[in-house]
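Trainee: For reference, the file data-v9.cif (mmCIF, C-alpha atoms) is included below:
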```cif
data_start
loop_
_atom_site.label_atom_id
_atom_site.label_comp_id
_atom_site.auth_asym_id
_atom_site.auth_seq_id
_atom_site.Cartn_x
_atom_site.Cartn_y
_atom_site.Cartn_z
CA MET N 1 -30.47 -29.94 -19.94
CA ARG N 2 -28.18 -32.38 -18.23
CA SER N 3 -25.76 -32.37 -21.13
CA PHE N 4 -25.71 -28.57 -20.97
CA PHE N 5 -24.61 -28.64 -17.32
CA ALA N 6 -22.01 -31.27 -18.13
CA ALA N 7 -20.61 -29.05 -20.85
CA LEU N 8 -20.60 -26.06 -18.50
CA ARG N 9 -18.75 -28.05 -15.87
CA ARG N 10 -16.26 -29.12 -18.47
CA LEU N 11 -15.71 -25.51 -19.51
CA PHE N 12 -15.26 -24.51 -15.88
CA HIS N 13 -12.62 -27.21 -15.49
CA VAL N 14 -10.81 -26.00 -18.56
CA VAL N 15 -10.80 -22.37 -17.40
CA LEU N 16 -9.58 -23.42 -13.95
CA LEU N 17 -6.81 -25.47 -15.51
CA GLY N 18 -5.94 -22.49 -17.67
CA LEU N 19 -5.70 -20.20 -14.64
CA VAL N 20 -3.46 -22.61 -12.76
CA GLY N 21 -1.33 -22.80 -15.91
CA ALA N 22 -1.28 -19.00 -16.06
CA GLY N 23 0.11 -18.93 -12.54
CA ILE N 24 2.88 -21.33 -13.49
CA VAL N 25 3.67 -19.40 -16.68
CA HIS N 26 3.72 -16.15 -14.67
CA ILE N 27 6.37 -17.50 -12.30
CA VAL N 28 8.45 -19.08 -15.07
CA VAL N 29 8.40 -15.95 -17.25
CA LEU N 30 9.23 -13.75 -14.26
CA LEU N 31 12.28 -15.82 -13.38
CA LEU N 32 13.41 -16.06 -17.01
CA VAL N 33 13.21 -12.33 -17.79
CA PRO N 34 16.60 -11.51 -16.18
CA GLU N 35 18.22 -14.47 -17.99
CA PHE N 36 17.07 -13.58 -21.45
CA SER N 37 16.71 -9.82 -21.36
CA GLU N 38 18.53 -8.09 -24.19
CA ARG N 39 17.78 -4.70 -22.76
CA ASP N 40 19.71 -5.00 -19.50
CA ALA N 41 22.59 -2.68 -18.72
CA TRP N 42 25.29 -5.18 -19.76
CA SER N 43 23.75 -5.79 -23.19
CA ARG N 44 23.30 -2.07 -23.80
CA LEU N 45 26.87 -1.31 -22.81
CA SER N 46 28.27 -4.16 -24.89
CA MET N 47 26.55 -2.72 -27.94
CA ALA N 48 28.21 0.63 -27.28
CA SER N 49 31.79 -0.35 -26.47
CA ASP N 50 34.32 -3.05 -25.71
CA LEU N 51 35.43 -4.52 -22.42
CA TYR N 52 37.75 -2.26 -20.37
CA ARG N 53 36.56 0.82 -22.22
CA MET N 54 35.02 3.73 -20.32
CA ASN N 55 31.70 4.74 -21.78
CA ARG N 56 29.80 7.87 -20.74
CA LEU N 57 26.28 7.22 -19.47
CA ASP N 58 25.03 10.82 -19.60
CA ALA N 59 23.86 12.59 -22.73
CA GLU N 60 26.56 15.27 -22.40
CA ALA N 61 29.05 13.27 -24.48
CA GLY N 62 26.69 13.43 -27.47
CA GLY N 63 23.99 11.05 -28.55
CA ALA N 64 21.37 9.38 -26.44
CA PRO N 65 22.56 7.92 -23.14
CA VAL N 66 23.35 4.22 -23.32
CA VAL N 67 22.05 3.35 -19.90
CA LYS N 68 19.57 5.63 -18.24
CA SER N 69 21.63 7.71 -15.85
CA VAL N 70 19.03 8.98 -13.48
CA ASP N 71 20.09 12.24 -11.89
CA PRO N 72 20.35 15.25 -14.26
CA LEU N 73 22.90 16.84 -11.91
CA PHE N 74 25.25 13.91 -12.27
CA TYR N 75 27.66 12.74 -14.91
CA ALA N 76 28.49 9.06 -15.04
CA THR N 77 30.76 6.69 -16.87
CA ALA N 78 30.90 2.91 -16.96
CA CYS N 79 33.18 0.11 -18.09
CA ARG N 80 32.63 -3.62 -18.39
CA PHE N 81 35.22 -6.09 -17.17
CA ASP N 82 35.79 -9.80 -16.94
CA LEU N 83 37.65 -11.00 -13.84
CA ASP N 84 38.43 -14.34 -15.50
CA GLU N 85 41.02 -12.46 -17.54
CA GLY N 86 42.59 -10.89 -14.46
CA MET N 87 41.92 -8.15 -11.97
CA VAL N 88 40.85 -4.74 -13.17
CA ARG N 89 42.11 -1.38 -11.94
CA ILE N 90 40.09 1.82 -12.14
CA ARG N 91 41.65 5.20 -11.67
CA ALA N 92 40.51 8.77 -12.13
CA PRO N 93 42.69 11.85 -11.52
CA GLY N 94 41.61 15.20 -10.19
CA ASN N 95 39.31 16.57 -7.57
CA VAL N 96 35.56 16.90 -7.96
CA PRO N 97 32.93 17.84 -5.36
CA PHE N 98 31.63 14.31 -5.01
CA TRP N 99 32.17 11.02 -6.70
CA SER N 100 30.77 7.61 -5.96
CA VAL N 101 31.46 4.22 -7.42
CA SER N 102 29.44 1.04 -7.81
CA VAL N 103 30.36 -2.46 -8.90
CA TYR N 104 27.57 -4.40 -10.59
CA ASP N 105 27.44 -8.04 -11.55
CA ARG N 106 26.47 -9.33 -15.00
CA SER N 107 22.75 -8.95 -14.35
CA GLY N 108 23.01 -5.39 -13.00
CA HIS N 109 22.89 -6.05 -9.27
CA ASN N 110 24.78 -3.63 -7.14
CA ILE N 111 27.44 -5.66 -5.35
CA TYR N 112 29.59 -2.99 -3.76
CA SER N 113 29.61 0.77 -3.60
CA PHE N 114 31.74 3.45 -2.00
CA ASN N 115 32.29 7.18 -2.29
CA ASP N 116 35.11 9.70 -2.09
CA HIS N 117 35.07 9.75 1.72
CA THR N 118 36.23 6.13 1.68
CA ALA N 119 39.26 6.78 -0.49
CA THR N 120 42.66 7.99 0.69
CA GLY N 121 42.85 11.71 -0.02
CA GLY N 122 39.71 11.54 -2.14
CA LYS N 123 41.65 9.92 -5.01
CA LEU N 124 39.78 7.34 -7.03
CA ASP N 125 42.04 4.30 -7.32
CA ALA N 126 40.31 0.95 -7.03
CA VAL N 127 41.04 -2.65 -7.92
CA VAL N 128 38.26 -5.17 -8.48
CA LEU N 129 39.26 -8.79 -8.05
CA THR N 130 37.95 -12.20 -7.07
CA PRO N 131 38.62 -13.67 -3.60
CA ALA N 132 41.15 -16.09 -5.20
CA GLN N 133 43.06 -13.24 -6.83
CA MET N 134 42.93 -11.38 -3.51
CA ILE N 135 44.83 -14.19 -1.81
CA ASP N 136 47.57 -13.92 -4.44
CA VAL N 137 47.75 -10.16 -4.12
CA ARG N 138 47.87 -10.26 -0.29
CA ARG N 139 50.90 -12.51 -0.42
CA ASP N 140 52.98 -9.87 -2.16
CA LEU N 141 51.36 -6.46 -2.47
CA PRO N 142 52.93 -4.46 -5.33
CA GLU N 143 54.26 -1.01 -4.43
CA ASP N 144 51.93 0.94 -6.69
CA LEU N 145 48.81 -0.77 -5.36
CA GLN N 146 49.44 0.33 -1.77
CA GLY N 147 46.92 3.17 -1.82
CA ALA N 148 44.26 1.40 -3.84
CA ILE N 149 40.87 0.29 -2.57
CA PHE N 150 40.42 -3.45 -3.08
CA VAL N 151 36.93 -4.62 -3.97
CA GLU N 152 36.56 -8.34 -3.55
CA ALA N 153 33.72 -9.53 -5.74
CA PRO N 154 32.74 -13.16 -6.24
CA ILE N 155 31.83 -12.58 -9.90
CA ASP N 156 33.42 -12.95 -13.31
CA GLU N 157 31.78 -10.43 -15.60
CA GLY N 158 30.76 -7.10 -14.17
CA ILE N 159 30.22 -3.39 -14.66
CA PHE N 160 32.04 -0.56 -12.92
CA VAL N 161 30.27 2.79 -12.72
CA ILE N 162 31.68 6.15 -11.61
CA ARG N 163 29.15 8.87 -10.82
CA SER N 164 30.14 12.46 -10.22
CA PHE N 165 28.14 15.43 -8.99
CA VAL N 166 27.86 18.57 -11.13
CA PRO N 167 26.66 21.31 -8.72
CA ASP N 168 26.37 23.95 -11.46
CA ASP N 169 27.39 24.77 -15.04
CA SER N 170 30.86 25.97 -14.05
CA TRP N 171 31.73 22.48 -12.83
CA LYS N 172 30.72 20.79 -16.09
CA PRO N 173 34.15 20.92 -17.83
CA ILE N 174 35.97 19.86 -14.65
CA VAL N 175 33.69 16.89 -13.97
CA SER N 176 33.73 15.96 -17.66
CA ARG N 177 37.52 15.94 -17.64
CA PHE N 178 37.56 13.85 -14.46
CA LEU N 179 35.44 11.20 -16.17
CA GLU N 180 37.20 11.43 -19.57
CA GLN N 181 40.56 10.82 -17.93
CA SER N 182 39.35 7.89 -15.87
CA SER N 183 40.87 4.59 -16.89
CA CYS N 184 39.72 1.02 -16.63
CA GLU N 185 42.46 -1.48 -17.36
CA LEU N 186 43.48 -5.05 -16.86
CA GLN N 187 46.09 -5.10 -14.11
CA ASP N 188 49.04 -7.43 -14.57
CA PHE N 189 50.08 -9.33 -11.55
CA MET S 1 -12.48 -35.23 -30.57
CA LEU S 2 -12.55 -31.78 -32.09
CA LYS S 3 -14.22 -30.48 -28.95
CA ASN S 4 -11.44 -31.90 -26.78
CA ALA S 5 -8.79 -30.27 -28.92
CA PHE S 6 -10.64 -26.97 -28.71
CA LEU S 7 -10.88 -27.15 -24.92
CA MET S 8 -7.22 -27.99 -24.63
CA LEU S 9 -6.30 -25.05 -26.84
CA LEU S 10 -8.52 -22.80 -24.75
CA SER S 11 -6.84 -23.75 -21.49
CA LEU S 12 -3.40 -23.35 -23.08
CA ALA S 13 -4.37 -19.95 -24.41
CA ILE S 14 -5.55 -18.84 -20.97
CA ALA S 15 -2.36 -20.17 -19.36
CA ILE S 16 0.13 -18.60 -21.75
CA GLY S 17 -1.79 -15.42 -22.49
CA GLY S 18 -2.78 -14.80 -18.90
CA GLY S 19 0.65 -15.65 -17.51
CA GLY S 20 2.50 -13.45 -19.97
CA ALA S 21 0.11 -10.53 -19.65
CA SER S 22 0.18 -10.61 -15.85
CA VAL S 23 3.99 -10.45 -15.80
CA TRP S 24 3.94 -7.59 -18.28
CA TYR S 25 1.40 -5.71 -16.17
CA ALA S 26 3.22 -6.35 -12.90
CA LEU S 27 6.43 -4.94 -14.34
CA LYS S 28 4.69 -1.89 -15.78
CA VAL S 29 3.10 -0.48 -12.64
CA GLN S 30 5.38 1.91 -10.70
CA ASP S 31 4.30 0.70 -7.34
CA GLY S 32 5.92 -2.55 -6.48
CA VAL S 33 6.95 -4.95 -3.80
CA GLY S 34 9.58 -3.78 -1.35
CA ALA S 35 8.55 -0.12 -1.46
CA ILE S 36 8.96 2.14 1.54
CA ARG S 37 6.52 5.03 1.81
CA ILE S 38 7.14 8.22 3.75
CA GLY S 39 4.35 10.74 3.17
CA GLN S 40 3.96 11.05 -0.58
CA TRP S 41 7.44 9.75 -1.23
CA THR S 42 8.28 6.19 -2.22
CA ALA S 43 11.70 4.53 -2.18
CA PHE S 44 12.94 1.09 -3.14
CA PRO S 45 16.01 0.55 -0.95
CA ASP S 46 16.43 -3.03 -2.14
CA ILE S 47 16.17 -2.47 -5.86
CA GLY S 48 19.23 -3.49 -7.79
CA THR S 49 20.72 -5.50 -4.94
CA PRO S 50 21.04 -9.28 -4.91
CA ALA S 51 18.49 -9.24 -2.05
CA ALA S 52 15.76 -7.76 -4.25
CA ASP S 53 12.51 -9.60 -4.95
CA PRO S 54 12.00 -11.32 -8.35
CA TYR S 55 9.79 -8.48 -9.61
CA SER S 56 12.45 -5.85 -8.97
CA LYS S 57 15.07 -8.09 -10.52
CA ALA S 58 13.00 -8.52 -13.69
CA ARG S 59 12.38 -4.78 -13.82
CA VAL S 60 16.08 -4.04 -13.47
CA ALA S 61 16.87 -6.45 -16.30
CA ARG S 62 14.13 -5.15 -18.56
CA GLU S 63 14.83 -1.46 -18.15
CA GLY S 64 18.61 -1.68 -17.96
CA VAL S 65 18.78 0.29 -14.72
CA LEU S 66 21.98 0.58 -12.75
CA ALA S 67 20.60 1.37 -9.31
CA LEU S 68 22.40 3.54 -6.76
CA GLY S 69 24.38 1.60 -4.18
CA ARG S 70 23.91 1.96 -0.43
CA ALA S 71 27.07 4.05 -0.07
CA GLU S 72 26.02 6.31 -2.92
CA GLY S 73 22.52 7.38 -2.03
CA LEU S 74 18.81 6.75 -1.94
CA SER S 75 16.11 8.06 -4.28
CA PHE S 76 12.53 8.91 -3.39
CA VAL S 77 9.84 9.36 -6.01
CA ALA S 78 6.56 11.23 -5.52
CA GLU S 79 3.65 10.91 -7.90
CA ASN S 80 0.88 12.49 -5.81
CA ASP S 81 0.53 15.68 -3.81
CA ALA S 82 -0.55 15.77 -0.16
CA ALA S 83 -4.21 15.71 -1.19
CA GLY S 84 -3.63 12.46 -3.04
CA GLU S 85 -3.99 13.93 -6.53
CA ARG S 86 -1.59 13.18 -9.34
CA LEU S 87 1.16 15.72 -9.94
CA LYS S 88 0.65 17.73 -13.12
CA ARG S 89 3.20 19.73 -15.03
CA GLU S 90 0.85 22.67 -15.57
CA CYS S 91 0.33 23.16 -11.83
CA THR S 92 2.30 25.08 -9.24
CA TYR S 93 3.42 23.16 -6.16
CA MET S 94 5.08 24.01 -2.89
CA ILE S 95 7.55 21.49 -1.48
CA ALA S 96 8.32 22.43 2.10
CA GLY S 97 9.66 20.80 5.22
CA ASP S 98 12.64 19.21 6.87
CA LEU S 99 15.05 16.92 5.11
CA PRO S 100 17.03 14.04 6.57
CA THR S 101 20.77 14.13 7.09
CA ALA S 102 22.82 13.76 3.95
CA ARG S 103 25.95 15.26 2.45
CA PHE S 104 23.75 16.83 -0.19
CA TRP S 105 20.55 16.15 -2.06
CA THR S 106 19.11 16.80 -5.50
CA LEU S 107 15.51 17.32 -6.53
CA TYR S 108 14.20 17.18 -10.07
CA ALA S 109 10.93 17.10 -11.94
CA ALA S 110 10.58 13.96 -14.03
CA ASP S 111 8.39 12.58 -16.76
CA GLN S 112 6.85 9.10 -16.94
CA SER S 113 10.17 7.34 -17.56
CA LEU S 114 11.75 9.25 -14.62
CA GLY S 115 13.98 11.23 -16.98
CA VAL S 116 14.27 14.94 -16.25
CA VAL S 117 11.53 17.20 -17.68
CA GLU S 118 12.71 19.05 -20.79
CA THR S 119 12.34 22.76 -20.10
CA GLY S 120 13.54 24.01 -23.48
CA LYS S 121 15.66 26.57 -21.60
CA SER S 122 19.19 26.53 -20.26
CA ARG S 123 17.80 26.21 -16.73
CA LEU S 124 17.46 22.56 -15.73
CA ALA S 125 14.34 21.28 -14.02
CA ALA S 126 16.58 20.36 -11.09
CA LEU S 127 17.81 21.85 -7.82
CA GLN S 128 20.47 20.77 -5.35
CA SER S 129 21.02 21.46 -1.70
CA TYR S 130 24.11 23.68 -2.13
CA GLY S 131 22.01 26.02 -4.26
CA VAL S 132 18.88 26.54 -2.17
CA LEU S 133 17.92 29.16 0.39
CA ARG S 134 16.93 27.89 3.81
CA GLN S 135 14.35 29.07 6.33
CA PRO S 136 15.57 30.26 9.76
CA ASP S 137 14.75 26.78 11.17
CA ASN S 138 16.92 25.10 8.50
CA SER S 139 13.92 23.70 6.61
CA VAL S 140 13.53 24.26 2.89
CA ALA S 141 10.64 25.67 0.85
CA ILE S 142 10.70 25.15 -2.92
CA SER S 143 8.19 26.47 -5.45
CA VAL S 144 7.66 24.29 -8.49
CA SER S 145 6.15 26.13 -11.42
CA SER S 146 6.48 26.92 -15.09
CA HIS S 147 6.37 30.62 -14.11
CA PRO S 148 9.18 32.41 -12.27
CA MET S 149 8.77 32.23 -8.51
CA PRO S 150 10.44 34.03 -5.61
CA GLY S 151 12.72 32.04 -3.33
CA ASN S 152 13.74 28.57 -4.45
CA TRP S 153 12.30 27.92 -7.87
CA LEU S 154 12.19 24.56 -9.62
CA LEU S 155 11.32 25.18 -13.25
CA THR S 156 8.91 22.84 -15.04
CA ASP S 157 7.33 23.01 -18.44
CA GLY S 158 4.72 21.37 -20.64
CA SER S 159 1.66 19.47 -19.55
CA GLY S 160 0.77 15.99 -18.41
CA ARG S 161 1.90 13.82 -15.52
CA MET S 162 4.91 14.73 -13.50
CA TYR S 163 6.99 13.04 -10.82
CA PHE S 164 9.37 14.50 -8.29
CA VAL S 165 12.59 12.63 -7.63
CA LEU S 166 14.45 13.51 -4.44
CA THR S 167 17.82 11.82 -4.01
CA PHE S 168 19.99 11.93 -0.92
CA TYR S 169 23.67 11.25 -1.41
CA ASP S 170 26.07 9.76 1.09
CA THR S 171 23.36 9.47 3.71
CA PRO S 172 22.86 7.28 6.78
CA ILE S 173 19.20 6.74 5.81
CA ALA S 174 20.31 4.53 2.91
CA SER S 175 21.00 1.78 5.41
CA SER S 176 17.58 0.42 6.21
CA THR S 177 17.77 1.03 9.96
CA GLY S 178 17.91 4.77 9.40
CA LEU S 179 14.64 4.87 7.48
CA SER S 180 12.28 4.48 10.42
CA ASP S 181 12.08 8.06 11.70
CA VAL S 182 12.77 10.04 8.56
CA SER S 183 10.53 12.96 7.69
CA LEU S 184 10.34 14.28 4.15
CA PRO S 185 8.89 17.56 2.87
CA ARG S 186 5.19 17.92 2.07
CA ILE S 187 4.01 18.59 -1.47
CA THR S 188 1.03 20.94 -1.61
CA LYS S 189 -0.73 22.24 -4.68
CA VAL S 190 -0.84 26.02 -4.94
CA GLY S 191 -2.79 26.39 -8.15
CA CYS S 192 -3.02 25.39 -11.78
CA ASP S 193 -2.89 27.13 -15.12
CA ALA S 194 -6.29 27.21 -16.70
#
```
What's the structure tokens form of this structure?
Mentor:
Amino acid sequence: MRSFFAALRRLFHVVLLGLVGAGIVHIVVLLLVPEFSERDAWSRLSMASDLYRMNRLDAEAGGAPVVKSVDPLFYATACRFDLDEGMVRIRAPGNVPFWSVSVYDRSGHNIYSFNDHTATGGKLDAVVLTPAQMIDVRRDLPEDLQGAIFVEAPIDEGIFVIRSFVPDDSWKPIVSRFLEQSSCELQDF
Amino acid sequence: MLKNAFLMLLSLAIAIGGGGASVWYALKVQDGVGAIRIGQWTAFPDIGTPAADPYSKARVAREGVLALGRAEGLSFVAENDAAGERLKRECTYMIAGDLPTARFWTLYAADQSLGVVETGKSRLAALQSYGVLRQPDNSVAISVSSHPMPGNWLLTDGSGRMYFVLTFYDTPIASSTGLSDVSLPRITKVGCDA
């Protein structure tokens, strides 16, 4: 009888140890998921296209959407960039009812966002750069960057997303063209 | 000796199995940390920002979401009606009430993965504020049904669980201070197909 209780106590110890271990594993796994995920937005986009290449996120362009673009009444496009190679300039011509823009870091966190009310004359013309590059640019601002919105982001790799509202079917070609003609390029300075 | 090895294996199995499974479960449930509830509607204002909790961060990484920024908008998701029952695609619902200030909003019926419900018709299961009729007091009443409805009609189709996603764009409520006295429309069940 006594040996039975001893064995039971032993088992209880083991289960308790296991549960404490489970708690530790839970925390470790939780913190490692963002590091090792191969399904995050960056990985999905990098499978679909190169750096500095606009890539439609909605299903309209054909094929399944790369990254789940949530709102069915929106079209969206995204490009990946690397600020270590230089600052990146994003432009899109034309007028649409509403556009908004977000800059994400490598792990998909929204760092900065703005919409067409922020831009001069509703024109989408933005430059993403690091604080160090910003100091260089401030010293001598090039003529053609005068109207641009500067987004200072303390990151290297990132994702730029343009979302645009499609109020009804008649706007589809116009909004599509707005996103097709958007450009995402390395800006020389 | 063999018994010791067995016990050690058992505790390791509990640790690794239990730890892994609990993370998987925590990431699977819709309801999470950092949620803000207004009536039946739930929003995660912090999701996708560097200030988010570790669970939201892991969810963002696992599902590849690119969340809306503060200057873009804020999404609310409803999974229950006012009586606390789960929303079903085969039922007819009435969404009525006042909406907070925003440049415009969109409302759509969604499936489990929060993608829009496939209607099989050219009409989307989505509405937007420029295309709805308003009551004399500026509130909105929307009928959600798979059958044609008078007034504002949000088309759904199929059967099974359904979610409503209501997104406000360019809105002051997206900054957390504005969220305190926001009222959102009520979702009431009108009836179900047999």
Trainee: Find the residue from N:Ala48, N:Val70, N:Met87, N:Met1 that sits nearest to chain S; use all atoms listed in the file when measuring.
Mentor: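 Of N:Ala48, N:Val70, N:Met87, N:Met1, the one nearest chain S is N:Val70, counting all atoms listed in the file.
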Trainee: Out of S:Tyr25, S:Tyr93, S:Phe76, S:Tyr130, which residue has the shortest atom-to-atom distance to chain N when counting only C-alpha atoms?
Mentor: S:Tyr130
Trainee: Could you tell me how far CA of Leu154 in chain S sits from CA of Leu107 in chain S, in Å to one decimal place?
Mentor: 8.5 Å
Trainee: Enumerate, in order of chain and increasing residue number, the residues of chain N with an atom no farther than 9 Å from chain S, each with its shortest atom pair and distance in Å to one decimal, counting only C-alpha atoms, as CSV.
Mentor:
```
residue,atom,partner,partner_atom,distance
N:Arg10,CA,S:Leu7,CA,8.6
N:Leu11,CA,S:Leu7,CA,7.4
N:Val14,CA,S:Ser11,CA,5.4
N:Val15,CA,S:Ser11,CA,5.9
N:Leu16,CA,S:Ser11,CA,8.0
N:Leu17,CA,S:Ser11,CA,6.2
N:Gly18,CA,S:Ser11,CA,4.1
N:Leu19,CA,S:Ala15,CA,5.8
N:Val20,CA,S:Ala15,CA,7.1
N:Gly21,CA,S:Ala15,CA,4.5
N:Ala22,CA,S:Ala15,CA,3.7
N:Gly23,CA,S:Gly19,CA,6.0
N:Ile24,CA,S:Gly19,CA,7.3
N:Val25,CA,S:Gly19,CA,4.9
N:His26,CA,S:Gly19,CA,4.2
N:Ile27,CA,S:Gly19,CA,8.0
N:Val28,CA,S:Gly19,CA,8.9
N:Val29,CA,S:Gly20,CA,7.0
N:Leu30,CA,S:Val23,CA,6.4
N:Leu31,CA,S:Pro54,CA,6.8
N:Leu32,CA,S:Ala58,CA,8.2
N:Val33,CA,S:Ala58,CA,5.6
N:Pro34,CA,S:Ala61,CA,5.1
N:Glu35,CA,S:Ala61,CA,8.3
N:Phe36,CA,S:Ala61,CA,8.8
N:Ser37,CA,S:Arg62,CA,6.0
N:Glu38,CA,S:Arg62,CA,7.7
N:Arg39,CA,S:Arg62,CA,5.6
N:Asp40,CA,S:Gly64,CA,3.8
N:Ala41,CA,S:Gly64,CA,4.2
N:Trp42,CA,S:Gly64,CA,7.8
N:Ser43,CA,S:Gly64,CA,8.4
N:Arg44,CA,S:Gly64,CA,7.5
N:Val67,CA,S:Gly64,CA,6.4
N:Lys68,CA,S:Val65,CA,6.4
N:Ser69,CA,S:Leu66,CA,7.8
N:Val70,CA,S:Gly115,CA,6.5
N:Asp71,CA,S:Val116,CA,7.8
N:Pro72,CA,S:Val116,CA,6.4
N:Leu73,CA,S:Ala126,CA,7.3
N:Trp99,CA,S:Glu72,CA,8.6
N:Ser100,CA,S:Glu72,CA,5.8
N:Val101,CA,S:Glu72,CA,7.4
N:Ser102,CA,S:Gly69,CA,6.3
N:Val103,CA,S:Gly69,CA,8.6
N:Tyr104,CA,S:Leu66,CA,7.8
N:Ser107,CA,S:Ala61,CA,6.7
N:Gly108,CA,S:Leu66,CA,6.1
N:His109,CA,S:Gly48,CA,4.7
N:Asn110,CA,S:Thr49,CA,5.0
N:Ile111,CA,S:Thr49,CA,6.7
N:Tyr112,CA,S:Gly69,CA,7.0
N:Ser113,CA,S:Gly69,CA,5.3
N:Phe114,CA,S:Ala71,CA,5.1
N:Asn115,CA,S:Glu72,CA,6.4
N:Val161,CA,S:Leu66,CA,8.6
N:Arg163,CA,S:Glu72,CA,8.9
N:Pro167,CA,S:Gln128,CA,7.1
N:Asp168,CA,S:Gly131,CA,8.7
```
Trainee: Could you save those same residues with C-alpha atoms as a PDB file, in the coordinates of the input?
Mentor:
```pdb
ATOM      1  CA  ARG N  10     -16.260 -29.120 -18.470  1.00  0.00           C
ATOM      2  CA  LEU N  11     -15.710 -25.510 -19.510  1.00  0.00           C
ATOM      3  CA  VAL N  14     -10.810 -26.000 -18.560  1.00  0.00           C
ATOM      4  CA  VAL N  15     -10.800 -22.370 -17.400  1.00  0.00           C
ATOM      5  CA  LEU N  16      -9.580 -23.420 -13.950  1.00  0.00           C
ATOM      6  CA  LEU N  17      -6.810 -25.470 -15.510  1.00  0.00           C
ATOM      7  CA  GLY N  18      -5.940 -22.490 -17.670  1.00  0.00           C
ATOM      8  CA  LEU N  19      -5.700 -20.200 -14.640  1.00  0.00           C
ATOM      9  CA  VAL N  20      -3.460 -22.610 -12.760  1.00  0.00           C
ATOM     10  CA  GLY N  21      -1.330 -22.800 -15.910  1.00  0.00           C
ATOM     11  CA  ALA N  22      -1.280 -19.000 -16.060  1.00  0.00           C
ATOM     12  CA  GLY N  23       0.110 -18.930 -12.540  1.00  0.00           C
ATOM     13  CA  ILE N  24       2.880 -21.330 -13.490  1.00  0.00           C
ATOM     14  CA  VAL N  25       3.670 -19.400 -16.680  1.00  0.00           C
ATOM     15  CA  HIS N  26       3.720 -16.150 -14.670  1.00  0.00           C
ATOM     16  CA  ILE N  27       6.370 -17.500 -12.300  1.00  0.00           C
ATOM     17  CA  VAL N  28       8.450 -19.080 -15.070  1.00  0.00           C
ATOM     18  CA  VAL N  29       8.400 -15.950 -17.250  1.00  0.00           C
ATOM     19  CA  LEU N  30       9.230 -13.750 -14.260  1.00  0.00           C
ATOM     20  CA  LEU N  31      12.280 -15.820 -13.380  1.00  0.00           C
ATOM     21  CA  LEU N  32      13.410 -16.060 -17.010  1.00  0.00           C
ATOM     22  CA  VAL N  33      13.210 -12.330 -17.790  1.00  0.00           C
ATOM     23  CA  PRO N  34      16.600 -11.510 -16.180  1.00  0.00           C
ATOM     24  CA  GLU N  35      18.220 -14.470 -17.990  1.00  0.00           C
ATOM     25  CA  PHE N  36      17.070 -13.580 -21.450  1.00  0.00           C
ATOM     26  CA  SER N  37      16.710  -9.820 -21.360  1.00  0.00           C
ATOM     27  CA  GLU N  38      18.530  -8.090 -24.190  1.00  0.00           C
ATOM     28  CA  ARG N  39      17.780  -4.700 -22.760  1.00  0.00           C
ATOM     29  CA  ASP N  40      19.710  -5.000 -19.500  1.00  0.00           C
ATOM     30  CA  ALA N  41      22.590  -2.680 -18.720  1.00  0.00           C
ATOM     31  CA  TRP N  42      25.290  -5.180 -19.760  1.00  0.00           C
ATOM     32  CA  SER N  43      23.750  -5.790 -23.190  1.00  0.00           C
ATOM     33  CA  ARG N  44      23.300  -2.070 -23.800  1.00  0.00           C
ATOM     34  CA  VAL N  67      22.050   3.350 -19.900  1.00  0.00           C
ATOM     35  CA  LYS N  68      19.570   5.630 -18.240  1.00  0.00           C
ATOM     36  CA  SER N  69      21.630   7.710 -15.850  1.00  0.00           C
ATOM     37  CA  VAL N  70      19.030   8.980 -13.480  1.00  0.00           C
ATOM     38  CA  ASP N  71      20.090  12.240 -11.890  1.00  0.00           C
ATOM     39  CA  PRO N  72      20.350  15.250 -14.260  1.00  0.00           C
ATOM     40  CA  LEU N  73      22.900  16.840 -11.910  1.00  0.00           C
ATOM     41  CA  TRP N  99      32.170  11.020  -6.700  1.00  0.00           C
ATOM     42  CA  SER N 100      30.770   7.610  -5.960  1.00  0.00           C
ATOM     43  CA  VAL N 101      31.460   4.220  -7.420  1.00  0.00           C
ATOM     44  CA  SER N 102      29.440   1.040  -7.810  1.00  0.00           C
ATOM     45  CA  VAL N 103      30.360  -2.460  -8.900  1.00  0.00           C
ATOM     46  CA  TYR N 104      27.570  -4.400 -10.590  1.00  0.00           C
ATOM     47  CA  SER N 107      22.750  -8.950 -14.350  1.00  0.00           C
ATOM     48  CA  GLY N 108      23.010  -5.390 -13.000  1.00  0.00           C
ATOM     49  CA  HIS N 109      22.890  -6.050  -9.270  1.00  0.00           C
ATOM     50  CA  ASN N 110      24.780  -3.630  -7.140  1.00  0.00           C
ATOM     51  CA  ILE N 111      27.440  -5.660  -5.350  1.00  0.00           C
ATOM     52  CA  TYR N 112      29.590  -2.990  -3.760  1.00  0.00           C
ATOM     53  CA  SER N 113      29.610   0.770  -3.600  1.00  0.00           C
ATOM     54  CA  PHE N 114      31.740   3.450  -2.000  1.00  0.00           C
ATOM     55  CA  ASN N 115      32.290   7.180  -2.290  1.00  0.00           C
ATOM     56  CA  VAL N 161      30.270   2.790 -12.720  1.00  0.00           C
ATOM     57  CA  ARG N 163      29.150   8.870 -10.820  1.00  0.00           C
ATOM     58  CA  PRO N 167      26.660  21.310  -8.720  1.00  0.00           C
ATOM     59  CA  ASP N 168      26.370  23.950 -11.460  1.00  0.00           C
TER      60      ASP N 168
END
```
Trainee: For the file shown, report as a ChimeraX atom specification the outcome of the PyMOL selection byres ((chain S and resi 101) around 9) at residue level.
Mentor: /S:99-100,102-104,168,171-173
Trainee: Check which residues satisfy the PyMOL selection byres ((chain S and resi 159) around 12) in the file shown, then give them as a PyMOL selection string.
Mentor: chain S and resi 87-92+110-112+117-119+145-146+156-158+160-162+192-194
